[in-house]
Amino acid sequence: MSSVVQPAAEPIRLDVVRWIGFKTIVIREYGRIIRIWGQTIVPSVVTAILYFAIFGSLIGRRVGAMGGFDYKQFIAPGLIMMSVITNSYGNVVASFFGAKFGKHIEELLVSPLPNWVIVGGYAVGGMVRGVLVGAAVTVVSLVFTHLQVHHLVVLAALLLTSLTFALGGFLNALFAKNFDQVNWVPAFVLTPLTYFGGVFYSVSLLPDWARRLSFANPILYMVNAFRYGFLGVSDVDVGAAFALMTAAALVLYAVAVLLMNRGTGIRE
């Protein structure tokens with residue numbers, strides 16, 4: 001009696017497993033953003049309207065032209081970038097710390113996903129929120145002023161900035177031990193750097209000592225690279241700005257993966 005030979009099972013393709021895991025993290029983050037859109041998108045839209053109404057319309061009339069442009073037109077790219085920075089950062093720090101706090105991060109740690117995929121998935125999830133909020137604030141900006149894309153670098157600046165701060169939020173979430181520590185960096189680091197990052201003014205108006213100090217602020221380069229894409233003007237060298245953003249994203253990603261491999265903040 002002859003025995004039936006069973007066909008050999010197909011080997012598991014790790015690349016497919018990793019892609020499915022990465023996609024799952026991103027889709028989950030997108031679903032979370034859309035599900036609570038009143039908390040993730042609306043606040044930035046309302047804030048942008050208030051900035052345009054107060055700074056753009058009321059104060060802008062006294063300020064006059066800035067860099068050869070109407071004041072509302074000048075600050076619009078900065079306001080868009082400010083919303084992208086805060087939301088990319090805030091999405092990842094809240095989501096990953098929530099996973100730590102709720103103990104369901106352990107499901108990811110025991111999965112076959114390598115840490116570089118997990119970090120990438122959360123970072124792209126933060127980028128999704130940054131881009132969605134940036135698009136919403138852009139629509140608000142078009143209600144108050146005129147914007148036209150002059151250089152395609154505007155998209156590259158948007159994505160690199162969003163990626164950089166999403167990774168920054170991941171690092172914050174790794175080290176945070178409670179919800180207070182989640183809010184320390186946005187309140188005491190991001191907010192001051194953003195306000196002094198050329199969102200509302202050109203650094204050419206500052207005295208020499210303040211201008212030199214401003215050039216140490218990385219957000220200044222990001223805002224100006226984005227502004228250059230819309231208005232064609234920048235207070236910094238655009239090439240240097242993109243080099244800084246690329247280097248920052250690579251370094252933060254490498255550090256995040258290294259810390260995950262060591263179990264920092266997730267196995268304590």
# chains A, B, ... in the order shown; residues from 1 in each chain; ligands from 1
>>> select_by_dssp(residues="region 18-160 of chain A", states="helix (DSSP H, G or I)", output="NGL selection string")
:A and (18-35 or 37-40 or 42-63 or 71-101 or 105-109 or 115-144 or 153-160)
>>> residues_around(residues="region 193-209 of chain A", least_positions_apart="4", cutoff="9 Å", atoms="only C-alpha atoms", output="ChimeraX atom specification")
/A:55,66-67,71,74-79,81-82,85,188-189,213-215,217-224,234-235
>>> closest_residue(among="A:Ser44, A:Asn87, A:Asn115, A:Thr145", to="Gln73 (chain A)", atoms="only C-alpha atoms")
A:Thr145
>>> closest_residue(among="A:Leu132, A:Leu147, A:Ala225, A:Trp116", to="Val255 (chain A)", atoms="only C-alpha atoms")
A:Trp116
>>> residues_around(residues="Val84 (chain A)", least_positions_apart="3", cutoff="8 Å", atoms="only C-alpha atoms", output="number ranges by chain")
A: 80-81, 87-88, 129-131, 133-134, 158, 161-162
>>> atom_distance(atom1="CA of Arg227 (chain A)", atom2="CA of Ala156 (chain A)")
12.0 Å
>>> closest_residue(among="A:Ser111, A:Thr24, A:Thr264, A:Thr86", to="Thr191 (chain A)", atoms="only C-alpha atoms")
A:Thr86
>>> residues_around(residues="Leu108 (chain A)", least_positions_apart="2", cutoff="12 Å", atoms="only C-alpha atoms", output="compact mmCIF listing (two decimals) with C-alpha atoms, in the first residue's frame")
# COMPACT_ATOMS: atom_id res chain seq x y z
CA ARG A 18 7.41 42.49 8.21
CA GLY A 21 3.24 44.19 10.54
CA PHE A 22 4.44 47.59 9.38
CA THR A 24 -0.88 47.09 10.42
CA ILE A 25 0.81 49.61 12.74
CA PHE A 96 3.59 54.61 22.02
CA ALA A 99 0.98 51.17 24.46
CA LYS A 100 3.55 51.02 27.25
CA LYS A 103 0.93 46.88 28.52
CA HIS A 104 -0.06 45.94 24.96
CA ILE A 105 3.42 46.90 23.74
CA GLU A 106 4.30 43.37 24.86
CA VAL A 110 6.86 38.98 21.20
CA SER A 111 5.86 39.24 17.54
CA PRO A 112 8.32 38.35 14.75
CA LEU A 113 8.65 42.04 13.88
CA PRO A 114 12.17 43.46 14.27
CA ASN A 115 12.49 46.70 16.21
CA TRP A 116 13.40 48.70 13.12
CA VAL A 117 9.99 47.85 11.65
CA ILE A 118 8.18 48.81 14.86
CA VAL A 119 9.97 52.16 15.02
CA GLY A 121 5.60 51.96 11.71
CA TYR A 122 5.09 54.40 14.58
CA MET A 260 14.60 49.38 21.46
CA ILE A 266 10.08 48.92 27.67
>>> residues_around(residues="Phe175 (chain A)", least_positions_apart="5", cutoff="10 Å", atoms="only C-alpha atoms", output="list in words")
Phe97, Phe170, Gln181, Val182, Leu259, Thr264, Gly265 and Ile266 of chain A
>>> closest_residue(among="A:Pro192, A:Gly68, A:Gly56, A:Gly102", to="Val233 (chain A)", atoms="only C-alpha atoms")
A:Gly68
>>> closest_residue(among="A:Thr164, A:Phe230, A:Ala136, A:Gly169", to="Asn183 (chain A)", atoms="only C-alpha atoms")
A:Gly169
>>> closest_residue(among="A:Val238, A:Ala247, A:Leu258, A:Ala216", to="Val153 (chain A)", atoms="only C-alpha atoms")
A:Val238
>>> atom_distance(atom1="CA of Ala48 (chain A)", atom2="CA of Ser83 (chain A)")
8.3 Å
>>> atom_distance(atom1="CA of Leu159 (chain A)", atom2="CA of Glu29 (chain A)")
16.9 Å
